[in-house]
There are 2 protein chains.
Amino acid sequence: MASSAREAAIPALAEVFREHGYTGASLALLGARTGLGKGSLYHAFPGGKAEMAQTVLDAIGAWFEAEIYAPLRDDPDPRAAIARMFAAVDAYFQSGRRVCLVGAFALSDGRDLFAARIAAYFAAWRDALAEALSRAGRNDAVTLAEDTVLAIQGGLVLTRALDDPAVFARLLMRLEHRLNG
Amino acid sequence: MASSAREAAIPALAEVFREHGYTGASLALLGARTGLGKGSLYHAFPGGKAEMAQTVLDAIGAWFEAEIYAPLRDDPDPRAAIARMFAAVDAYFQSGRRVCLVGAFALSDGRDLFAARIAAYFAAWRDALAEALSRAGRNDAVTLAEDTVLAIQGGLVLTRALDDPAVFARLLMRLEHRLNG
DNA sequence: CGCACTCTGTACCGATCGGTACAGCGCCCG
DNA sequence: CGGGCGCTGTACCGATCGGTACAGAGTGCG
């Protein structure tokens, strides 16, 4: 199938963008990590590096939407959805060893190119979490949601800076306690 | 004086690294922003781009040490030092419009090159704040300090991502209230 | 004045950048 | 079996990368 090579390449592309940023992710690196030559890469992504990055951002957004945001909004048990969010976040970011690509893009390169997607990712997260908190009876739902999303990003920065995954683990415990008691 | 051109260039260099990251900050950009040709740049920084980045990181570290960490540790009134920290942070980061270079470096490029400096910057901040909180009588000083430093970094990420300085302003108010009542 | 020394613009280096062109391989379908 | 097409490796493009070499301008001092 035409799109299967494309789909298969996405996780590898994501990893390279995560580790090197947009400008730092060279076609040589992208090709090496995916195992695809330049020809294949441009056949699958005619738009070049920009299309690869967009596709990766969309895939990440879709994953979070399905695994985290949708349950937060729709699960009849909001507290269960929040617990699920923390478990998914811990697994996804490998307890802080893995960086958030969207957050990294927001800070430096490719910010202008992908600003809309970046903003949408965080806004959706904050709003879905606020929805769950609201249904759980919190009246400070929006503030608490913003604070939580922001703390997770900060936790990733500090964990990476200090090279100490315990920072992220402690943070998630604190946050979950604050949200779910 | 020999070092005056060097010193004068540092803020401009810092701004370029902040906006483009380490690999994204080309010598062309660095030269344009500082107003120095390649010859002058390499005369002032014989070690090239790496020395420029190190110098910038050191200058930032020194500024935070003098303006924020030292008062946190030494001011006889720890609550005043904490208030001063929030005012300095708000001014330095221009209410979130400006990104933290150290945090940006921690997330992506140049991380390995400058890991020690990056870790020292955050560890010093966390420890100085914990010292102040401890002297102010908080028994959860270390946790609270870690949480605060991390939240500021996350606030910068989210503010940039959503392009909304109000996020950072709200965060600082919340944090100061949590620390100083 | 003239020497010496600091500084700086410019030309140049090999390497690598993102991207394009294209020839040929292999697979599928008629 | 054979023709066509999806796919891919490779050579190549101009631009730019970080870095070096160096000649000459500017400057201060004996």
# chains A, B, ... in the order shown; residues from 1 in each chain; ligands from 1
call {"tool": "select_by_dssp", "arguments": {"residues": "stretch 75-178 of chain B", "states": "helix (DSSP H, G or I)", "output": "PyMOL selection string"}}
result
chain B and resi 78-92+94-96+101-107+111-135+141-162+165-178
call {"tool": "residues_around", "arguments": {"residues": "stretch 40-48 of chain B", "least_positions_apart": "3", "cutoff": "10 Å", "atoms": "only C-alpha atoms (C1' of nucleotides)", "output": "mmCIF file with C-alpha atoms (C1' of nucleotides), in the first residue's frame"}}
result
data_model
loop_
_atom_site.group_PDB
_atom_site.id
_atom_site.type_symbol
_atom_site.label_atom_id
_atom_site.label_comp_id
_atom_site.auth_asym_id
_atom_site.auth_seq_id
_atom_site.Cartn_x
_atom_site.Cartn_y
_atom_site.Cartn_z
ATOM 1 C CA ALA B 2 40.183 44.211 24.750
ATOM 2 C CA SER B 3 37.256 42.661 26.515
ATOM 3 C CA SER B 4 34.779 45.486 26.017
ATOM 4 C CA ALA B 5 33.748 44.414 22.515
ATOM 5 C CA ARG B 6 33.386 40.930 23.893
ATOM 6 C CA GLU B 7 31.205 42.066 26.784
ATOM 7 C CA ALA B 9 28.388 41.510 22.166
ATOM 8 C CA LEU B 27 27.579 32.890 12.315
ATOM 9 C CA LEU B 30 25.385 36.214 15.112
ATOM 10 C CA GLY B 31 27.492 38.622 13.092
ATOM 11 C CA THR B 34 26.172 41.984 17.022
ATOM 12 C CA GLY B 35 27.278 44.197 14.169
ATOM 13 C CA LEU B 36 30.596 42.367 14.131
ATOM 14 C CA GLY B 37 32.222 40.758 11.114
ATOM 15 C CA GLU B 51 32.702 29.643 23.194
ATOM 16 C CA MET B 52 30.058 32.250 22.406
ATOM 17 C CA ALA B 53 27.331 30.001 23.772
ATOM 18 C CA GLN B 54 29.324 29.108 26.853
ATOM 19 C CA THR B 55 30.041 32.763 27.533
ATOM 20 C "C1'" DT C 6 45.050 45.159 18.016
ATOM 21 C "C1'" DC C 7 41.372 44.690 15.355
ATOM 22 C "C1'" DT C 8 38.418 43.674 11.158
ATOM 23 C "C1'" DG C 9 36.738 42.837 6.274
ATOM 24 C "C1'" DG D 18 31.513 26.736 10.836
ATOM 25 C "C1'" DG D 19 36.070 27.858 10.569
ATOM 26 C "C1'" DT D 20 40.778 29.678 8.801
#
call {"tool": "residues_around", "arguments": {"residues": "stretch 127-136 of chain B", "least_positions_apart": "5", "cutoff": "10 Å", "atoms": "only C-alpha atoms (C1' of nucleotides)", "output": "VMD selection string"}}
result
chain B and resid 65 68 to 82 85 122 141 to 146 148 to 149 179 to 180
call {"tool": "residues_around", "arguments": {"residues": "C:DT10", "least_positions_apart": "2", "cutoff": "10 Å", "atoms": "only C-alpha atoms (C1' of nucleotides)", "output": "ChimeraX atom specification"}}
result
/B:37-39 /C:8,12 /D:22-23
call {"tool": "atom_distance", "arguments": {"atom1": "atom CA of B:Asp147", "atom2": "atom CA of B:Leu175"}}
result
9.4 Å
call {"tool": "interface_residues", "arguments": {"of": "chain A", "to": "chain B", "cutoff": "8 Å", "atoms": "only C-alpha atoms", "output": "JSON, numbers by chain"}}
result
{"A": [18, 19, 20, 21, 23, 24, 99, 103, 104, 106, 107, 108, 109, 115, 118, 119, 122, 123, 147, 150, 151, 152, 153, 154, 155, 157, 158, 160, 161, 162, 163, 171]}
call {"tool": "residues_around", "arguments": {"residues": "C:DA21", "least_positions_apart": "4", "cutoff": "12 Å", "atoms": "only C-alpha atoms (C1' of nucleotides)", "output": "ChimeraX atom specification"}}
result
/A:39 /D:10-13
call {"tool": "interface_residues", "arguments": {"of": "chain C", "to": "chain A", "cutoff": "10 Å", "atoms": "only C-alpha atoms (C1' of nucleotides)", "output": "list in words"}}
result
DT16, DC17, DG18, DG19 and DT20 of chain C
call {"tool": "write_last_selection", "arguments": {"atoms": "all heavy atoms", "output": "short mmCIF file (atom, residue, chain, number, x, y, z; two decimals), in the first residue's frame"}}
result
data_model
loop_
_atom_site.label_atom_id
_atom_site.label_comp_id
_atom_site.auth_asym_id
_atom_site.auth_seq_id
_atom_site.Cartn_x
_atom_site.Cartn_y
_atom_site.Cartn_z
P DT C 16 30.48 16.07 6.43
OP1 DT C 16 30.51 15.48 7.78
OP2 DT C 16 30.63 15.25 5.22
"O5'" DT C 16 29.09 16.86 6.30
"C5'" DT C 16 28.82 17.95 7.16
"C4'" DT C 16 27.64 18.73 6.61
"O4'" DT C 16 28.03 19.45 5.43
"C3'" DT C 16 26.45 17.86 6.18
"O3'" DT C 16 25.36 18.16 7.06
"C2'" DT C 16 26.18 18.27 4.75
"C1'" DT C 16 26.88 19.63 4.66
N1 DT C 16 27.30 20.01 3.28
C2 DT C 16 26.79 21.15 2.72
O2 DT C 16 25.99 21.88 3.29
N3 DT C 16 27.24 21.43 1.46
C4 DT C 16 28.14 20.69 0.72
O4 DT C 16 28.48 21.05 -0.41
C5 DT C 16 28.64 19.49 1.36
C7 DT C 16 29.63 18.61 0.65
C6 DT C 16 28.20 19.21 2.60
P DC C 17 23.96 17.41 6.97
OP1 DC C 17 23.58 17.10 8.34
OP2 DC C 17 24.03 16.36 5.94
"O5'" DC C 17 22.99 18.56 6.43
"C5'" DC C 17 23.01 19.83 7.06
"C4'" DC C 17 22.31 20.86 6.18
"O4'" DC C 17 23.21 21.27 5.13
"C3'" DC C 17 21.09 20.34 5.44
"O3'" DC C 17 19.96 20.42 6.28
"C2'" DC C 17 21.00 21.30 4.27
"C1'" DC C 17 22.46 21.67 4.00
N1 DC C 17 23.07 20.99 2.82
C2 DC C 17 22.98 21.58 1.56
O2 DC C 17 22.37 22.64 1.43
N3 DC C 17 23.58 20.97 0.51
C4 DC C 17 24.23 19.82 0.69
N4 DC C 17 24.82 19.26 -0.37
C5 DC C 17 24.32 19.19 1.97
C6 DC C 17 23.72 19.81 2.99
P DG C 18 18.74 19.43 6.11
OP1 DG C 18 17.93 19.54 7.33
OP2 DG C 18 19.27 18.13 5.67
"O5'" DG C 18 17.94 20.06 4.89
"C5'" DG C 18 17.47 21.39 5.00
"C4'" DG C 18 16.86 21.80 3.68
"O4'" DG C 18 17.88 21.74 2.66
"C3'" DG C 18 15.73 20.91 3.21
"O3'" DG C 18 14.73 21.71 2.55
"C2'" DG C 18 16.42 19.95 2.24
"C1'" DG C 18 17.49 20.85 1.63
N9 DG C 18 18.68 20.10 1.21
C8 DG C 18 19.34 19.14 1.92
N7 DG C 18 20.36 18.62 1.27
C5 DG C 18 20.36 19.28 0.07
C6 DG C 18 21.22 19.15 -1.05
O6 DG C 18 22.18 18.38 -1.18
N1 DG C 18 20.89 20.01 -2.09
C2 DG C 18 19.84 20.90 -2.04
N2 DG C 18 19.66 21.66 -3.13
N3 DG C 18 19.02 21.04 -1.01
C4 DG C 18 19.33 20.20 0.01
P DG C 19 13.41 20.99 1.94
OP1 DG C 19 12.33 22.00 1.94
OP2 DG C 19 13.20 19.69 2.59
"O5'" DG C 19 13.83 20.75 0.42
"C5'" DG C 19 14.31 21.86 -0.34
"C4'" DG C 19 14.71 21.39 -1.73
"O4'" DG C 19 15.98 20.70 -1.68
"C3'" DG C 19 13.72 20.44 -2.40
"O3'" DG C 19 13.27 21.03 -3.61
"C2'" DG C 19 14.51 19.16 -2.63
"C1'" DG C 19 15.95 19.66 -2.63
N9 DG C 19 16.93 18.65 -2.24
C8 DG C 19 16.98 17.95 -1.06
N7 DG C 19 17.97 17.10 -1.00
C5 DG C 19 18.63 17.25 -2.21
C6 DG C 19 19.78 16.60 -2.73
O6 DG C 19 20.47 15.73 -2.19
N1 DG C 19 20.10 17.04 -4.00
C2 DG C 19 19.39 18.00 -4.70
N2 DG C 19 19.84 18.30 -5.91
N3 DG C 19 18.32 18.62 -4.24
C4 DG C 19 17.99 18.20 -2.99
P DT C 20 12.27 20.28 -4.61
OP1 DT C 20 11.42 21.31 -5.20
OP2 DT C 20 11.67 19.11 -3.91
"O5'" DT C 20 13.24 19.73 -5.74
"C5'" DT C 20 14.16 20.65 -6.35
"C4'" DT C 20 14.86 19.96 -7.51
"O4'" DT C 20 15.85 19.04 -6.99
"C3'" DT C 20 13.94 19.14 -8.43
"O3'" DT C 20 14.25 19.48 -9.77
"C2'" DT C 20 14.28 17.69 -8.07
"C1'" DT C 20 15.74 17.80 -7.65
N1 DT C 20 16.21 16.77 -6.70
C2 DT C 20 17.34 16.04 -6.99
O2 DT C 20 17.97 16.19 -8.03
N3 DT C 20 17.72 15.13 -6.04
C4 DT C 20 17.09 14.88 -4.84
O4 DT C 20 17.53 14.03 -4.04
C5 DT C 20 15.91 15.67 -4.58
C7 DT C 20 15.15 15.47 -3.30
C6 DT C 20 15.53 16.57 -5.51
#
call {"tool": "atom_distance", "arguments": {"atom1": "atom CA of A:Glu176", "atom2": "atom CA of B:Gly181"}}
result
23.1 Å
call {"tool": "residues_around", "arguments": {"residues": "A:Val56", "least_positions_apart": "2", "cutoff": "8 Å", "atoms": "only C-alpha atoms (C1' of nucleotides)", "output": "list of chain:residue names"}}
result
A:Ile10, A:Pro11, A:Leu13, A:Ala14, A:Met52, A:Ala53, A:Gln54, A:Asp58, A:Ala59, A:Ile60
call {"tool": "write_last_selection", "arguments": {"atoms": "C-alpha atoms", "output": "PDB file, in the first residue's frame"}}
result
ATOM      1  CA  ILE A  10       6.392   8.542  11.304  1.00  0.00           C
ATOM      2  CA  PRO A  11       7.641   7.271  14.678  1.00  0.00           C
ATOM      3  CA  LEU A  13      10.803  10.854  12.096  1.00  0.00           C
ATOM      4  CA  ALA A  14       9.235  11.956  15.370  1.00  0.00           C
ATOM      5  CA  MET A  52       7.396  15.413   7.563  1.00  0.00           C
ATOM      6  CA  ALA A  53       7.231  17.672  10.603  1.00  0.00           C
ATOM      7  CA  GLN A  54       3.598  18.570   9.985  1.00  0.00           C
ATOM      8  CA  ASP A  58      -0.607  15.734  13.359  1.00  0.00           C
ATOM      9  CA  ALA A  59       0.088  12.144  14.388  1.00  0.00           C
ATOM     10  CA  ILE A  60       1.018  13.225  17.901  1.00  0.00           C
TER      11      ILE A  60
END
call {"tool": "closest_residue", "arguments": {"among": "A:Ala50, A:Met173, A:Asp90, A:Leu29", "to": "A:Asp112", "atoms": "only C-alpha atoms"}}
result
A:Ala50
call {"tool": "interface_residues", "arguments": {"of": "chain D", "to": "chain A", "cutoff": "10 Å", "atoms": "only C-alpha atoms (C1' of nucleotides)", "output": "list in words"}}
result
DG6, DC7, DT8, DG9 and DT10 of chain D
call {"tool": "decode", "arguments": {"residues": "stretch 6-30 of chain C", "atoms": "N, CA, C and O atoms (P, O5', C5', C4', C3', O3' and C1' of nucleotides)", "output": "compact mmCIF listing (two decimals), in the first residue's frame"}}
result
# COMPACT_ATOMS: atom_id res chain seq x y z
P DT C 6 48.48 42.62 20.60
O5' DT C 6 47.03 43.26 20.46
C5' DT C 6 46.77 44.54 21.03
C4' DT C 6 45.60 45.19 20.29
C3' DT C 6 44.40 44.27 20.10
O3' DT C 6 43.22 45.02 20.42
C1' DT C 6 45.05 45.16 18.02
P DC C 7 41.83 44.22 20.65
O5' DC C 7 41.13 44.37 19.24
C5' DC C 7 40.80 45.68 18.77
C4' DC C 7 40.62 45.65 17.27
C3' DC C 7 39.44 44.81 16.74
O3' DC C 7 38.46 45.72 16.27
C1' DC C 7 41.37 44.69 15.35
P DT C 8 36.99 45.24 15.99
O5' DT C 8 37.04 44.96 14.43
C5' DT C 8 37.35 46.04 13.55
C4' DT C 8 37.44 45.52 12.13
C3' DT C 8 36.34 44.53 11.73
O3' DT C 8 35.85 44.92 10.47
C1' DT C 8 38.42 43.67 11.16
P DG C 9 34.33 44.69 10.07
O5' DG C 9 34.43 44.70 8.47
C5' DG C 9 35.36 45.59 7.85
C4' DG C 9 35.87 45.01 6.55
C3' DG C 9 34.87 44.20 5.74
O3' DG C 9 35.05 44.53 4.36
C1' DG C 9 36.74 42.84 6.27
P DT C 10 34.12 43.85 3.24
O5' DT C 10 35.05 42.67 2.73
C5' DT C 10 36.40 42.95 2.41
C4' DT C 10 37.06 41.69 1.86
C3' DT C 10 36.11 40.77 1.07
O3' DT C 10 36.75 40.42 -0.14
C1' DT C 10 37.23 39.54 2.75
P DA C 11 35.93 39.67 -1.30
O5' DA C 11 36.92 38.46 -1.65
C5' DA C 11 38.32 38.64 -1.50
C4' DA C 11 38.96 37.29 -1.23
C3' DA C 11 38.34 36.14 -2.01
O3' DA C 11 39.35 35.35 -2.61
C1' DA C 11 38.35 35.62 0.29
P DC C 12 38.98 34.22 -3.66
O5' DC C 12 39.06 32.91 -2.76
C5' DC C 12 40.23 32.68 -1.97
C4' DC C 12 39.94 31.61 -0.94
C3' DC C 12 39.23 30.37 -1.47
O3' DC C 12 40.16 29.31 -1.61
C1' DC C 12 38.48 31.03 0.71
P DC C 13 39.71 27.88 -2.22
O5' DC C 13 39.48 27.01 -0.92
C5' DC C 13 40.52 26.88 0.05
C4' DC C 13 40.01 26.04 1.20
C3' DC C 13 39.13 24.89 0.76
O3' DC C 13 39.91 23.71 0.65
C1' DC C 13 38.18 26.07 2.64
P DG C 14 39.44 22.55 -0.33
O5' DG C 14 38.61 21.57 0.61
C5' DG C 14 39.16 21.15 1.86
C4' DG C 14 38.06 20.69 2.80
C3' DG C 14 37.19 19.56 2.24
O3' DG C 14 36.92 18.66 3.30
C1' DG C 14 35.81 21.41 2.76
P DA C 15 35.99 17.36 3.04
O5' DA C 15 34.64 17.76 3.78
C5' DA C 15 34.71 18.31 5.09
C4' DA C 15 33.32 18.64 5.59
C3' DA C 15 32.27 17.58 5.23
O3' DA C 15 31.54 17.25 6.40
C1' DA C 15 31.57 19.74 4.48
P DT C 16 30.48 16.07 6.43
O5' DT C 16 29.09 16.86 6.30
C5' DT C 16 28.82 17.95 7.16
C4' DT C 16 27.64 18.73 6.61
C3' DT C 16 26.45 17.86 6.18
O3' DT C 16 25.36 18.16 7.06
C1' DT C 16 26.88 19.63 4.66
P DC C 17 23.96 17.41 6.97
O5' DC C 17 22.99 18.56 6.43
C5' DC C 17 23.01 19.83 7.06
C4' DC C 17 22.31 20.86 6.18
C3' DC C 17 21.09 20.34 5.44
O3' DC C 17 19.96 20.42 6.28
C1' DC C 17 22.46 21.67 4.00
P DG C 18 18.74 19.43 6.11
O5' DG C 18 17.94 20.06 4.89
C5' DG C 18 17.47 21.39 5.00
C4' DG C 18 16.86 21.80 3.68
C3' DG C 18 15.73 20.91 3.21
O3' DG C 18 14.73 21.71 2.55
C1' DG C 18 17.49 20.85 1.63
P DG C 19 13.41 20.99 1.94
O5' DG C 19 13.83 20.75 0.42
C5' DG C 19 14.31 21.86 -0.34
C4' DG C 19 14.71 21.39 -1.73
C3' DG C 19 13.72 20.44 -2.40
O3' DG C 19 13.27 21.03 -3.61
C1' DG C 19 15.95 19.66 -2.63
P DT C 20 12.27 20.28 -4.61
O5' DT C 20 13.24 19.73 -5.74
C5' DT C 20 14.16 20.65 -6.35
C4' DT C 20 14.86 19.96 -7.51
C3' DT C 20 13.94 19.14 -8.43
O3' DT C 20 14.25 19.48 -9.77
C1' DT C 20 15.74 17.80 -7.65
P DA C 21 13.33 18.90 -10.97
O5' DA C 21 14.32 17.84 -11.64
C5' DA C 21 15.73 17.98 -11.43
C4' DA C 21 16.46 16.94 -12.27
C3' DA C 21 15.57 16.18 -13.25
O3' DA C 21 16.34 15.85 -14.40
C1' DA C 21 16.41 14.68 -11.60
P DC C 22 15.62 15.19 -15.68
O5' DC C 22 16.08 13.68 -15.53
C5' DC C 22 17.40 13.40 -15.11
C4' DC C 22 17.57 11.93 -14.76
C3' DC C 22 16.63 10.99 -15.53
O3' DC C 22 17.38 9.87 -15.94
C1' DC C 22 16.52 10.51 -13.26
P DA C 23 17.13 9.24 -17.38
O5' DA C 23 18.17 8.02 -17.39
C5' DA C 23 19.35 8.08 -16.59
C4' DA C 23 19.47 6.82 -15.74
C3' DA C 23 18.99 5.54 -16.44
O3' DA C 23 19.84 4.47 -16.07
C1' DA C 23 17.74 5.86 -14.46
P DG C 24 19.85 3.12 -16.94
O5' DG C 24 19.31 2.01 -15.94
C5' DG C 24 20.03 1.76 -14.74
C4' DG C 24 19.08 1.21 -13.71
C3' DG C 24 18.36 -0.08 -14.14
O3' DG C 24 18.50 -1.02 -13.09
C1' DG C 24 16.85 1.45 -13.22
P DC C 25 18.73 -2.57 -13.47
O5' DC C 25 18.42 -3.29 -12.07
C5' DC C 25 18.59 -2.58 -10.85
C4' DC C 25 17.34 -2.69 -10.00
C3' DC C 25 16.64 -4.05 -10.11
O3' DC C 25 16.62 -4.67 -8.84
C1' DC C 25 15.08 -2.24 -10.24
P DG C 26 16.20 -6.23 -8.75
O5' DG C 26 14.65 -6.16 -8.39
C5' DG C 26 14.25 -5.49 -7.20
C4' DG C 26 12.72 -5.40 -7.18
C3' DG C 26 12.00 -6.74 -7.40
O3' DG C 26 10.88 -6.79 -6.56
C1' DG C 26 11.25 -5.18 -8.97
P DC C 27 10.35 -8.17 -5.95
O5' DC C 27 8.80 -7.87 -5.77
C5' DC C 27 8.37 -6.53 -5.52
C4' DC C 27 7.12 -6.21 -6.32
C3' DC C 27 6.18 -7.41 -6.55
O3' DC C 27 4.88 -7.03 -6.16
C1' DC C 27 6.54 -6.27 -8.57
P DC C 28 3.77 -8.20 -5.78
O5' DC C 28 2.45 -7.53 -6.34
C5' DC C 28 2.45 -6.13 -6.67
C4' DC C 28 1.63 -5.89 -7.93
C3' DC C 28 0.54 -6.94 -8.20
O3' DC C 28 -0.65 -6.25 -8.53
C1' DC C 28 1.89 -6.68 -10.11
P DC C 29 -2.08 -7.03 -8.48
O5' DC C 29 -2.68 -6.68 -9.90
C5' DC C 29 -2.22 -5.48 -10.58
C4' DC C 29 -2.37 -5.65 -12.08
C3' DC C 29 -3.49 -6.61 -12.49
O3' DC C 29 -4.20 -6.04 -13.58
C1' DC C 29 -1.47 -7.28 -13.48
P DG C 30 -5.57 -6.72 -14.05
O5' DG C 30 -5.37 -6.86 -15.62
C5' DG C 30 -4.84 -5.77 -16.37
C4' DG C 30 -4.15 -6.30 -17.62
C3' DG C 30 -5.01 -7.20 -18.50
O3' DG C 30 -4.85 -6.85 -19.84
C1' DG C 30 -2.98 -8.28 -17.96
